[in-house]
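Heads up: the structure comes next, in structure tokens.
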Amino acid sequence: MEYYTVSTKYGARIELQTEVKDKLFNLDVVLGNMFEDWDTDPQLVLEKEEEFYRGAPPQWLNFYCAERNHTPFVKRDIYTKITKLIQKKRKINCSTSTINLFHQPGSGGTTLAMQVLWDLRKELRCARVIDSVSDSKAIAQQVIHLFNGVASQIQNTVLLLVDRETDTNEDMQFISDLQDNLTTKRRPRNAQMLSFLALINSYVPGSYLTENLCLEFVDKKNHISGRPTLEKQMGAFADLLVIYSTRSGGTKYKDRCIRMAHPMIADKCLQLLTDAGVTLSDTTIKLISHLCPQTIPPYLVKTIKHLLTKREKYLPNDEREETLHKFSNLIQDITEKEKKSMCEGVFKHAAKKLPQDPFIPQAFARFYYIKQTDYARAETWAKIAIKMEPNNSFIRDTLGQVYKNQLKNHNLEILSRKILQIGKQAFKAFEEEAEIAEKELDPKMQEDGVTHVSAVFNYRGLFGYIQVANTMFYKLKNINSEWSKVLRQETQSPSLISSENCKKYQSLLTSLRQRIEEKCNFFETFLIYSKPNIDKNEPQYIWTDTAKCYENYIKEEEQFSMSFEGLLSALSHITSVSDLEQITEQWREIYMNSQFDIDAQNYILANIMLSQKSANSEILRPVPELQDILQKLWGRENKNRSPEFYLLVLLLFWHDSAKKTSNTPDLKECVQYMCDSYERTYQKHLRSRYLVPLFFLGSGGGLQRLVHSSRSNPDHFSDERNQIEITRLLTEEHENAEIESLQRIEGEIRNHKVFAFRGGNQIEVSPHNQASVYNKDLVSFYLGFTIRGPVAYNIRYVKKSAQFVDKHKEKIIQQVKKVDSIIDDLRPLIGTEQYSTIIAASTNEDKMRQLYSIISAGYEMKDKFYQSLLKYEKELIHLWEREFQ
């Protein structure tokens, strides 16, 4: 054969020059005129055919002879599908595209692929990689030579067969590198730079690249000083960019940054690039592989991590609570617009470039178990992330989630031992996560003399344990209902365990019930005493799953925990007075036959909760009797009790005006003891969360002076949205905010602390809003009680006029003369009926005393009264003001 031909995109043939063909030493090119001018030896043809049918790899001569003799190879069903797919992908404006043909060695997959290449050799430029171990850059360069043919004006699509015997990470990396190199020796570098900037400014608005880094990429050949400016090298693209200095007057390259002029321009450019076949995955991989230097600057690390791991919040349809997307916006778009497998290449390049960053392999693990349901690879990458940062509980959570989702998978082999095996792995992962979470909050955990304390307590390990327990319960119960009794420890059932080959999991089955009870108790406390913030409750499924787990493993016939915390939440799920009375009687029996303080506390709280539903219940005990119980406990030991004990003391003794005895609690001490107890007991778990007000101080008598938070609005106490509005009313500084069932407490601010007046004492309370404590003055507020102590809500400063009216009460009553005029001024505020009663009094002093009984209700009335006094008794008032000052 004296010359070689390849096809054009129009089906014609052109000559492939010898010097070009000689450069294609790693490619076995299927020439358009292969064997056409060659005198074939019939004996050689028979030998090659016999070799093939004996199992030897096929050769192009086999296909030529079969075609010439009209005896083609048996074409598999997938042959037509592959050829159609090739034609379809040719119509897509994309620089490279891949078709994966997975097959077992010896099953004919290579023969099928070669048949496709042979049949399309006159339409496309077809070739097979001879040595795929070779450098991917060299192979890519040869493919480009074949693509160009004679000249760039006569280009045609290359159909390349890369035959790999395995499907290892190295194989996948080779394919990725080959694609990368094929699309890089082709687009101008300034166009690639534009795609990088469009990518980061579209997905990470405000991000940038340094000018020096951009110049290094755009102008790799020219490293001498005085090279063309970036603006000049970017050409027409420069109009879309902004180049600015990070220093005042700075002009050096290292001081200047570059970004797109606006995120909307970046979005449009990125859309045009993707329409032209420049895929998001391709641009991301190139950004990571070719733009990032060996030592990546921190700003660029931050941008790459944002691209791949930053999950944005969104509001699902018909939902009020925001939630997080499963992945970053970029990863989601690549998954939807390209292929899921393209994300793998992106993550692998990033993991290779940032080998010390645990968040990349963590996101990669999440991708594998959520999108690919590939739990083996997900487990591998989750463990890689943990190895990088073993003391981060949030990193550890991913491994538990891998096992949890594997256990939930409906395709899981339905065998008891398999369920227990995966469940055990999940339990271990979540328990290790919970242990690390505890250490993250331990102030003794130090490094280089610096204390590291997590801003939040990570409870995912504890909750993940509960979720796995629920899933395992249902799956085992579906296999054999006897499993439910085994899991509840109601029976040992050795025959079942033996028949299911589950003896090795005996210790797990024995300890599971107790561990679940501990975790359920934790969440009961966690959810009742706190929530994420003032406007947001915990997702409902956390409470639901926890309650269901308690029911599954503890007892079905009992309500979910009637502990102190359970009693506090009783009004949310117990509507019957008789049920509350029955609970109270049960606790009375327990208390009478118990020596434990906690039983006494629960009995007292049961009475308080019953009083919230029925103030006239016959079984309610009077306040003095309940106080007597607490006094006896207080006398035994004042310190080192639970926060719940001190809460009851504050609730029952705050308004008590009875004569003190030796056992009467000192409320100043009680507040301090409660704060200390809270720090010992709950601080590390609740410290970053909003502490829910459990009770408020009301205006009633007896136990009715206590108002449970659900009764702040008695008409809608079960409405969650209404609860949020009430809480806002209590916490925001509304001048006219009034809640009839609550009592405003008078107090004082000094040294940026709030003190409540109680008789002749002043007791320090925590301000709910520290910003409202800004001046030394008299104040009023609603008093609430959290598990940490008393809290001042809706702090309102008392006006000087109101203070004056209170200070000179007796002088005003006895000496003011123009009483009727003042009463006429206040008539719109006091109402017609009260006005008539006051004006009918026989003396000015009687009139004024009746008026004082009305204006004492609020500081606004006192201010109006003061303004009227100034109007009619100006000289007298000024005289007293000088004395007051």
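Just so we're on the same page: first chain in the structure tokens is A, next is B, and so on; residues restart at 1 for each chain, and ligands are numbered from 1 in the order they show up.
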
Quick one: DSSP helix (DSSP H, G or I) residues in region 13-82 of chain A, as a PyMOL selection string?
-> chain A and resi 18-22+42-53+60-68+77-82

Mind writing the picked residues with N, CA and C atoms as an mmCIF file, in the first residue's frame?
data_model
loop_
_atom_site.group_PDB
_atom_site.id
_atom_site.type_symbol
_atom_site.label_atom_id
_atom_site.label_comp_id
_atom_site.auth_asym_id
_atom_site.auth_seq_id
_atom_site.Cartn_x
_atom_site.Cartn_y
_atom_site.Cartn_z
ATOM 1 N N THR A 18 2.397 10.167 5.055
ATOM 2 C CA THR A 18 3.235 9.218 5.793
ATOM 3 C C THR A 18 3.832 9.836 7.046
ATOM 4 N N GLU A 19 4.286 11.121 6.927
ATOM 5 C CA GLU A 19 4.895 11.742 8.109
ATOM 6 C C GLU A 19 3.887 11.929 9.244
ATOM 7 N N VAL A 20 2.597 12.103 8.872
ATOM 8 C CA VAL A 20 1.567 12.215 9.900
ATOM 9 C C VAL A 20 1.301 10.854 10.514
ATOM 10 N N LYS A 21 1.200 9.823 9.674
ATOM 11 C CA LYS A 21 0.918 8.483 10.180
ATOM 12 C C LYS A 21 2.025 7.989 11.103
ATOM 13 N N ASP A 22 3.275 8.381 10.767
ATOM 14 C CA ASP A 22 4.395 7.948 11.599
ATOM 15 C C ASP A 22 4.342 8.537 13.011
ATOM 16 N N PRO A 42 -5.021 -16.533 0.817
ATOM 17 C CA PRO A 42 -6.153 -17.299 1.364
ATOM 18 C C PRO A 42 -5.766 -18.144 2.568
ATOM 19 N N GLN A 43 -4.556 -18.720 2.524
ATOM 20 C CA GLN A 43 -4.126 -19.540 3.648
ATOM 21 C C GLN A 43 -3.966 -18.706 4.909
ATOM 22 N N LEU A 44 -3.447 -17.471 4.745
ATOM 23 C CA LEU A 44 -3.287 -16.570 5.898
ATOM 24 C C LEU A 44 -4.645 -16.183 6.474
ATOM 25 N N VAL A 45 -5.604 -15.957 5.586
ATOM 26 C CA VAL A 45 -6.945 -15.594 6.045
ATOM 27 C C VAL A 45 -7.545 -16.714 6.882
ATOM 28 N N LEU A 46 -7.377 -17.972 6.399
ATOM 29 C CA LEU A 46 -7.906 -19.110 7.135
ATOM 30 C C LEU A 46 -7.224 -19.261 8.483
ATOM 31 N N GLU A 47 -5.903 -19.038 8.505
ATOM 32 C CA GLU A 47 -5.166 -19.151 9.758
ATOM 33 C C GLU A 47 -5.651 -18.107 10.780
ATOM 34 N N LYS A 48 -5.844 -16.883 10.311
ATOM 35 C CA LYS A 48 -6.288 -15.817 11.224
ATOM 36 C C LYS A 48 -7.710 -16.068 11.726
ATOM 37 N N GLU A 49 -8.526 -16.605 10.835
ATOM 38 C CA GLU A 49 -9.897 -16.905 11.231
ATOM 39 C C GLU A 49 -9.924 -18.024 12.269
ATOM 40 N N GLU A 50 -9.077 -19.069 12.024
ATOM 41 C CA GLU A 50 -9.007 -20.191 12.967
ATOM 42 C C GLU A 50 -8.488 -19.713 14.326
ATOM 43 N N GLU A 51 -7.488 -18.825 14.318
ATOM 44 C CA GLU A 51 -6.932 -18.292 15.565
ATOM 45 C C GLU A 51 -7.999 -17.530 16.356
ATOM 46 N N PHE A 52 -8.798 -16.762 15.624
ATOM 47 C CA PHE A 52 -9.831 -15.968 16.296
ATOM 48 C C PHE A 52 -10.859 -16.867 16.975
ATOM 49 N N TYR A 53 -11.307 -17.903 16.233
ATOM 50 C CA TYR A 53 -12.333 -18.770 16.809
ATOM 51 C C TYR A 53 -11.789 -19.662 17.922
ATOM 52 N N TRP A 60 -7.872 -6.684 12.418
ATOM 53 C CA TRP A 60 -8.650 -5.969 11.405
ATOM 54 C C TRP A 60 -8.862 -6.832 10.151
ATOM 55 N N LEU A 61 -7.912 -7.751 9.909
ATOM 56 C CA LEU A 61 -8.049 -8.618 8.741
ATOM 57 C C LEU A 61 -9.277 -9.507 8.878
ATOM 58 N N ASN A 62 -9.585 -9.935 10.096
ATOM 59 C CA ASN A 62 -10.788 -10.749 10.299
ATOM 60 C C ASN A 62 -12.038 -10.001 9.853
ATOM 61 N N PHE A 63 -12.114 -8.724 10.184
ATOM 62 C CA PHE A 63 -13.294 -7.926 9.826
ATOM 63 C C PHE A 63 -13.337 -7.656 8.326
ATOM 64 N N TYR A 64 -12.150 -7.444 7.726
ATOM 65 C CA TYR A 64 -12.098 -7.176 6.291
ATOM 66 C C TYR A 64 -12.600 -8.383 5.515
ATOM 67 N N CYS A 65 -12.104 -9.574 5.863
ATOM 68 C CA CYS A 65 -12.490 -10.786 5.148
ATOM 69 C C CYS A 65 -13.969 -11.103 5.343
ATOM 70 N N ALA A 66 -14.446 -10.918 6.550
ATOM 71 C CA ALA A 66 -15.860 -11.182 6.811
ATOM 72 C C ALA A 66 -16.738 -10.252 5.985
ATOM 73 N N GLU A 67 -16.308 -8.983 5.863
ATOM 74 C CA GLU A 67 -17.087 -8.023 5.083
ATOM 75 C C GLU A 67 -17.036 -8.360 3.600
ATOM 76 N N ARG A 68 -15.817 -8.761 3.115
ATOM 77 C CA ARG A 68 -15.673 -9.068 1.688
ATOM 78 C C ARG A 68 -16.459 -10.306 1.285
ATOM 79 N N ASP A 77 -27.062 -7.518 20.193
ATOM 80 C CA ASP A 77 -28.173 -6.565 20.223
ATOM 81 C C ASP A 77 -27.708 -5.153 20.529
ATOM 82 N N ILE A 78 -26.672 -5.048 21.339
ATOM 83 C CA ILE A 78 -26.224 -3.727 21.764
ATOM 84 C C ILE A 78 -25.465 -2.993 20.657
ATOM 85 N N TYR A 79 -25.112 -3.718 19.565
ATOM 86 C CA TYR A 79 -24.391 -3.084 18.455
ATOM 87 C C TYR A 79 -25.178 -1.900 17.903
ATOM 88 N N THR A 80 -26.454 -2.114 17.635
ATOM 89 C CA THR A 80 -27.294 -1.049 17.075
ATOM 90 C C THR A 80 -27.420 0.111 18.057
ATOM 91 N N LYS A 81 -27.554 -0.229 19.318
ATOM 92 C CA LYS A 81 -27.686 0.817 20.337
ATOM 93 C C LYS A 81 -26.434 1.688 20.391
ATOM 94 N N ILE A 82 -25.261 1.044 20.286
ATOM 95 C CA ILE A 82 -23.999 1.799 20.353
ATOM 96 C C ILE A 82 -23.840 2.701 19.143
#

Using only C-alpha atoms, the shortest atom-to-atom distance to Thr323 (chain A) among A:Glu538, A:Ser709, A:Leu270, A:Ala382 belongs to A:Glu538

Give the strand (DSSP E) residues of region 323-514 of chain A, as assigned by DSSP on the backbone, as a count of residues only.
-> 6

Would you please work out which residue, of A:Ala426, A:Gly55, A:Gln467, A:Asp163, is nearest to Phe102 (chain A) when using only C-alpha atoms?
-> A:Asp163

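Considering the residues A:Val218, A:Met260, A:Ile516, A:Ile384 and counting only C-alpha atoms, Val204 (chain A) has its shortest atom-to-atom contact with A:Met260.
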
Skipping near chain neighbours, those fewer than 2 positions away, what residues fall within 10 Å of Leu568 (chain A) using only C-alpha atoms, listed as a VMD selection string?
-> chain A and resid 528 to 529 562 to 566 570 to 572 602 605 to 606 608 to 609 694 to 695 708 to 709

Residues at most 8 Å from region 190-193 of chain A, counting only C-alpha atoms, excluding those fewer than 6 positions away in the same chain, as an NGL selection string?
-> :A and (214 or 217-218 or 233-235 or 237 or 283)

Name all residues at most 9 Å from region 207-211 of chain A (count only C-alpha atoms; drop same-chain ones fewer than 5 positions away) and give them as a ChimeraX atom specification.
-> /A:197,200-201,216,230,243,253-260,299-300,303

How about saving the chosen residues, N, CA and C atoms kept, as a PDB file, in the first residue's frame?
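Saved as part_9.pdb:
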ATOM      1  N   LEU A 197     -13.239  32.119  35.176  1.00  0.00           N
ATOM      2  CA  LEU A 197     -13.822  33.265  35.880  1.00  0.00           C
ATOM      3  C   LEU A 197     -15.342  33.206  35.861  1.00  0.00           C
ATOM      4  N   ILE A 200     -16.416  30.490  38.569  1.00  0.00           N
ATOM      5  CA  ILE A 200     -16.341  30.842  39.999  1.00  0.00           C
ATOM      6  C   ILE A 200     -17.236  32.029  40.337  1.00  0.00           C
ATOM      7  N   ASN A 201     -17.381  32.990  39.401  1.00  0.00           N
ATOM      8  CA  ASN A 201     -18.230  34.139  39.710  1.00  0.00           C
ATOM      9  C   ASN A 201     -19.709  33.832  39.585  1.00  0.00           C
ATOM     10  N   GLU A 216       0.244  33.832  34.605  1.00  0.00           N
ATOM     11  CA  GLU A 216       1.034  32.608  34.525  1.00  0.00           C
ATOM     12  C   GLU A 216       0.347  31.574  33.649  1.00  0.00           C
ATOM     13  N   LEU A 230      -2.429  41.695  31.136  1.00  0.00           N
ATOM     14  CA  LEU A 230      -3.522  40.727  31.107  1.00  0.00           C
ATOM     15  C   LEU A 230      -4.671  41.246  30.254  1.00  0.00           C
ATOM     16  N   ILE A 243     -10.566  44.469  36.757  1.00  0.00           N
ATOM     17  CA  ILE A 243      -9.265  44.248  37.380  1.00  0.00           C
ATOM     18  C   ILE A 243      -9.042  45.374  38.377  1.00  0.00           C
ATOM     19  N   TYR A 253       1.305  43.234  39.977  1.00  0.00           N
ATOM     20  CA  TYR A 253       0.453  42.098  39.667  1.00  0.00           C
ATOM     21  C   TYR A 253      -0.009  41.364  40.922  1.00  0.00           C
ATOM     22  N   LYS A 254       0.878  41.193  41.892  1.00  0.00           N
ATOM     23  CA  LYS A 254       0.519  40.422  43.065  1.00  0.00           C
ATOM     24  C   LYS A 254      -0.523  41.125  43.925  1.00  0.00           C
ATOM     25  N   ASP A 255      -0.694  42.427  43.684  1.00  0.00           N
ATOM     26  CA  ASP A 255      -1.666  43.183  44.464  1.00  0.00           C
ATOM     27  C   ASP A 255      -3.009  43.300  43.767  1.00  0.00           C
ATOM     28  N   ARG A 256      -3.095  42.825  42.536  1.00  0.00           N
ATOM     29  CA  ARG A 256      -4.324  43.064  41.760  1.00  0.00           C
ATOM     30  C   ARG A 256      -5.111  41.776  41.571  1.00  0.00           C
ATOM     31  N   CYS A 257      -6.437  41.936  41.499  1.00  0.00           N
ATOM     32  CA  CYS A 257      -7.353  40.802  41.368  1.00  0.00           C
ATOM     33  C   CYS A 257      -8.199  40.976  40.124  1.00  0.00           C
ATOM     34  N   ILE A 258      -8.760  39.857  39.655  1.00  0.00           N
ATOM     35  CA  ILE A 258      -9.601  39.887  38.455  1.00  0.00           C
ATOM     36  C   ILE A 258     -10.861  39.064  38.702  1.00  0.00           C
ATOM     37  N   ARG A 259     -11.978  39.591  38.223  1.00  0.00           N
ATOM     38  CA  ARG A 259     -13.250  38.878  38.278  1.00  0.00           C
ATOM     39  C   ARG A 259     -14.136  39.379  37.155  1.00  0.00           C
ATOM     40  N   MET A 260     -15.270  38.695  36.964  1.00  0.00           N
ATOM     41  CA  MET A 260     -16.238  39.154  35.973  1.00  0.00           C
ATOM     42  C   MET A 260     -16.877  40.447  36.472  1.00  0.00           C
ATOM     43  N   TYR A 299      -7.162  31.871  49.431  1.00  0.00           N
ATOM     44  CA  TYR A 299      -8.392  32.396  48.837  1.00  0.00           C
ATOM     45  C   TYR A 299      -8.931  31.442  47.784  1.00  0.00           C
ATOM     46  N   LEU A 300      -8.013  30.785  47.043  1.00  0.00           N
ATOM     47  CA  LEU A 300      -8.442  29.873  45.993  1.00  0.00           C
ATOM     48  C   LEU A 300      -8.927  28.550  46.589  1.00  0.00           C
ATOM     49  N   THR A 303     -12.447  29.141  47.562  1.00  0.00           N
ATOM     50  CA  THR A 303     -13.346  29.160  46.407  1.00  0.00           C
ATOM     51  C   THR A 303     -13.644  27.755  45.918  1.00  0.00           C
TER      52      THR A 303
END

Would you kindly return, as a PDB file with N, CA, C and O atoms, in the first residue's frame, each protein, DNA or RNA residue with an atom no farther than 10 Å from any atom of Leu647 (chain A), considering only C-alpha atoms and excluding same-chain residues fewer than 6 positions away?
ATOM      1  N   GLN A 601     -39.979  15.831  93.552  1.00  0.00           N
ATOM      2  CA  GLN A 601     -40.001  16.908  92.555  1.00  0.00           C
ATOM      3  C   GLN A 601     -41.082  16.653  91.507  1.00  0.00           C
ATOM      4  O   GLN A 601     -41.831  17.570  91.134  1.00  0.00           O
ATOM      5  N   CYS A 670     -30.511  30.545  95.737  1.00  0.00           N
ATOM      6  CA  CYS A 670     -31.147  29.579  94.832  1.00  0.00           C
ATOM      7  C   CYS A 670     -30.818  29.884  93.379  1.00  0.00           C
ATOM      8  O   CYS A 670     -30.513  28.983  92.595  1.00  0.00           O
ATOM      9  N   VAL A 671     -30.873  31.168  92.998  1.00  0.00           N
ATOM     10  CA  VAL A 671     -30.571  31.559  91.617  1.00  0.00           C
ATOM     11  C   VAL A 671     -29.128  31.202  91.259  1.00  0.00           C
ATOM     12  O   VAL A 671     -28.847  30.679  90.177  1.00  0.00           O
ATOM     13  N   MET A 674     -28.734  27.419  91.001  1.00  0.00           N
ATOM     14  CA  MET A 674     -29.369  26.917  89.773  1.00  0.00           C
ATOM     15  C   MET A 674     -28.463  27.153  88.570  1.00  0.00           C
ATOM     16  O   MET A 674     -28.312  26.274  87.711  1.00  0.00           O
ATOM     17  N   LEU A 694     -40.096  28.145  80.464  1.00  0.00           N
ATOM     18  CA  LEU A 694     -40.995  27.062  80.871  1.00  0.00           C
ATOM     19  C   LEU A 694     -42.239  27.598  81.570  1.00  0.00           C
ATOM     20  O   LEU A 694     -43.344  27.097  81.360  1.00  0.00           O
ATOM     21  N   PHE A 695     -42.052  28.623  82.399  1.00  0.00           N
ATOM     22  CA  PHE A 695     -43.155  29.270  83.112  1.00  0.00           C
ATOM     23  C   PHE A 695     -42.921  30.773  83.140  1.00  0.00           C
ATOM     24  O   PHE A 695     -41.788  31.239  83.037  1.00  0.00           O
ATOM     25  N   PHE A 785     -39.053  31.766  83.529  1.00  0.00           N
ATOM     26  CA  PHE A 785     -38.109  30.836  84.137  1.00  0.00           C
ATOM     27  C   PHE A 785     -37.704  29.796  83.096  1.00  0.00           C
ATOM     28  O   PHE A 785     -38.553  29.064  82.588  1.00  0.00           O
ATOM     29  N   THR A 786     -36.406  29.744  82.772  1.00  0.00           N
ATOM     30  CA  THR A 786     -35.850  28.681  81.935  1.00  0.00           C
ATOM     31  C   THR A 786     -35.161  27.675  82.840  1.00  0.00           C
ATOM     32  O   THR A 786     -35.114  27.851  84.062  1.00  0.00           O
ATOM     33  N   ILE A 787     -34.604  26.651  82.265  1.00  0.00           N
ATOM     34  CA  ILE A 787     -33.920  25.645  83.072  1.00  0.00           C
ATOM     35  C   ILE A 787     -32.602  26.192  83.624  1.00  0.00           C
ATOM     36  O   ILE A 787     -31.983  25.571  84.486  1.00  0.00           O
ATOM     37  N   ARG A 788     -32.204  27.371  83.189  1.00  0.00           N
ATOM     38  CA  ARG A 788     -30.989  28.000  83.714  1.00  0.00           C
ATOM     39  C   ARG A 788     -31.280  28.976  84.848  1.00  0.00           C
ATOM     40  O   ARG A 788     -30.413  29.266  85.660  1.00  0.00           O
ATOM     41  N   GLY A 789     -32.514  29.514  84.893  1.00  0.00           N
ATOM     42  CA  GLY A 789     -32.850  30.452  85.946  1.00  0.00           C
ATOM     43  C   GLY A 789     -33.874  31.473  85.501  1.00  0.00           C
ATOM     44  O   GLY A 789     -34.435  31.383  84.402  1.00  0.00           O
ATOM     45  N   PRO A 790     -34.137  32.502  86.353  1.00  0.00           N
ATOM     46  CA  PRO A 790     -35.116  33.536  86.013  1.00  0.00           C
ATOM     47  C   PRO A 790     -34.588  34.465  84.929  1.00  0.00           C
ATOM     48  O   PRO A 790     -33.402  34.809  84.900  1.00  0.00           O
TER      49      PRO A 790
END

Could you tell me how far CA of Ile839 (chain A) lies from CA of Asp820 (chain A), in Å and to one decimal?
->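 A separation of 7.1 Å between them.
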
Would you mind listing what lies within 10 Å of Ala140 (chain A) as a PyMOL selection string, with only C-alpha atoms counted and same-chain residues fewer than 2 positions away left out?
-> chain A and resi 26+135-138+142-146+177-185

Would you output that residue set with N, CA, C and O atoms, as a compact mmCIF listing (two decimals), in the first residue's frame?
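Result file part.txt:
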# COMPACT_ATOMS: atom_id res chain seq x y z
N ASN A 26 1.19 5.40 18.91
CA ASN A 26 0.40 4.79 19.98
C ASN A 26 -1.01 4.44 19.54
O ASN A 26 -1.80 3.95 20.34
N ASP A 135 1.80 7.74 28.15
CA ASP A 135 1.44 9.06 28.66
C ASP A 135 0.18 9.55 27.96
O ASP A 135 0.11 9.56 26.73
N SER A 136 -0.81 9.96 28.75
CA SER A 136 -2.07 10.41 28.17
C SER A 136 -1.88 11.67 27.33
O SER A 136 -2.62 11.89 26.36
N LYS A 137 -0.88 12.48 27.68
CA LYS A 137 -0.62 13.69 26.89
C LYS A 137 -0.13 13.33 25.49
O LYS A 137 -0.54 13.95 24.50
N ALA A 138 0.75 12.31 25.40
CA ALA A 138 1.25 11.89 24.09
C ALA A 138 0.13 11.32 23.24
O ALA A 138 0.03 11.62 22.03
N GLN A 142 -1.49 12.74 19.60
CA GLN A 142 -1.64 11.93 18.38
C GLN A 142 -3.10 11.93 17.90
O GLN A 142 -3.36 11.96 16.68
N VAL A 143 -4.03 11.88 18.83
CA VAL A 143 -5.45 11.94 18.46
C VAL A 143 -5.76 13.25 17.75
O VAL A 143 -6.50 13.28 16.76
N ILE A 144 -5.16 14.34 18.23
CA ILE A 144 -5.39 15.65 17.60
C ILE A 144 -4.80 15.67 16.20
O ILE A 144 -5.38 16.24 15.26
N HIS A 145 -3.62 15.04 16.03
CA HIS A 145 -3.04 14.92 14.68
C HIS A 145 -3.99 14.18 13.75
O HIS A 145 -4.20 14.58 12.59
N LEU A 146 -4.55 13.09 14.23
CA LEU A 146 -5.50 12.32 13.42
C LEU A 146 -6.76 13.13 13.15
O LEU A 146 -7.32 13.07 12.05
N ASP A 177 -7.80 11.98 32.43
CA ASP A 177 -6.63 12.75 32.00
C ASP A 177 -6.60 12.88 30.48
O ASP A 177 -6.22 13.93 29.94
N LEU A 178 -6.97 11.81 29.77
CA LEU A 178 -6.98 11.84 28.31
C LEU A 178 -7.98 12.87 27.80
O LEU A 178 -7.67 13.66 26.89
N GLN A 179 -9.19 12.88 28.38
CA GLN A 179 -10.18 13.88 28.00
C GLN A 179 -9.67 15.29 28.29
O GLN A 179 -9.84 16.20 27.48
N ASP A 180 -9.04 15.40 29.42
CA ASP A 180 -8.52 16.70 29.83
C ASP A 180 -7.49 17.22 28.84
O ASP A 180 -7.53 18.38 28.41
N ASN A 181 -6.58 16.34 28.45
CA ASN A 181 -5.52 16.76 27.53
C ASN A 181 -6.04 16.99 26.11
O ASN A 181 -5.49 17.80 25.36
N LEU A 182 -7.12 16.30 25.76
CA LEU A 182 -7.69 16.50 24.43
C LEU A 182 -8.34 17.88 24.28
O LEU A 182 -8.33 18.46 23.20
N THR A 183 -8.90 18.38 25.35
CA THR A 183 -9.65 19.64 25.26
C THR A 183 -8.83 20.85 25.67
O THR A 183 -9.20 21.98 25.38
N THR A 184 -7.56 20.61 26.33
CA THR A 184 -6.74 21.74 26.77
C THR A 184 -6.00 22.33 25.57
O THR A 184 -5.93 23.56 25.47
N LYS A 185 -4.26 21.42 24.16
CA LYS A 185 -3.42 21.85 23.10
C LYS A 185 -4.20 22.62 22.17
O LYS A 185 -3.86 23.53 21.52

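Between CA of Gly747 (chain A) and CA of Gln762 (chain A) the separation is 7.8 Å.
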
Using only C-alpha atoms, which of the listed residues (A:Ala276, A:Ile812, A:Leu307, A:Ile763) sits closest to Ile749 (chain A)?
->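 Nearest candidate to Ile749 (chain A) out of A:Ala276, A:Ile812, A:Leu307, A:Ile763: A:Ile763.
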
For Phe473 (chain A), which residue out of A:Met861, A:Ile795, A:Leu487, A:Ile304 is the nearest one, using only C-alpha atoms?
->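 With only C-alpha atoms as the atom set, the closest residue is A:Leu487.
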
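Rounded to one decimal, CA of Glu618 (chain A) and CA of Gly700 (chain A) lie 18.5 Å from each other.
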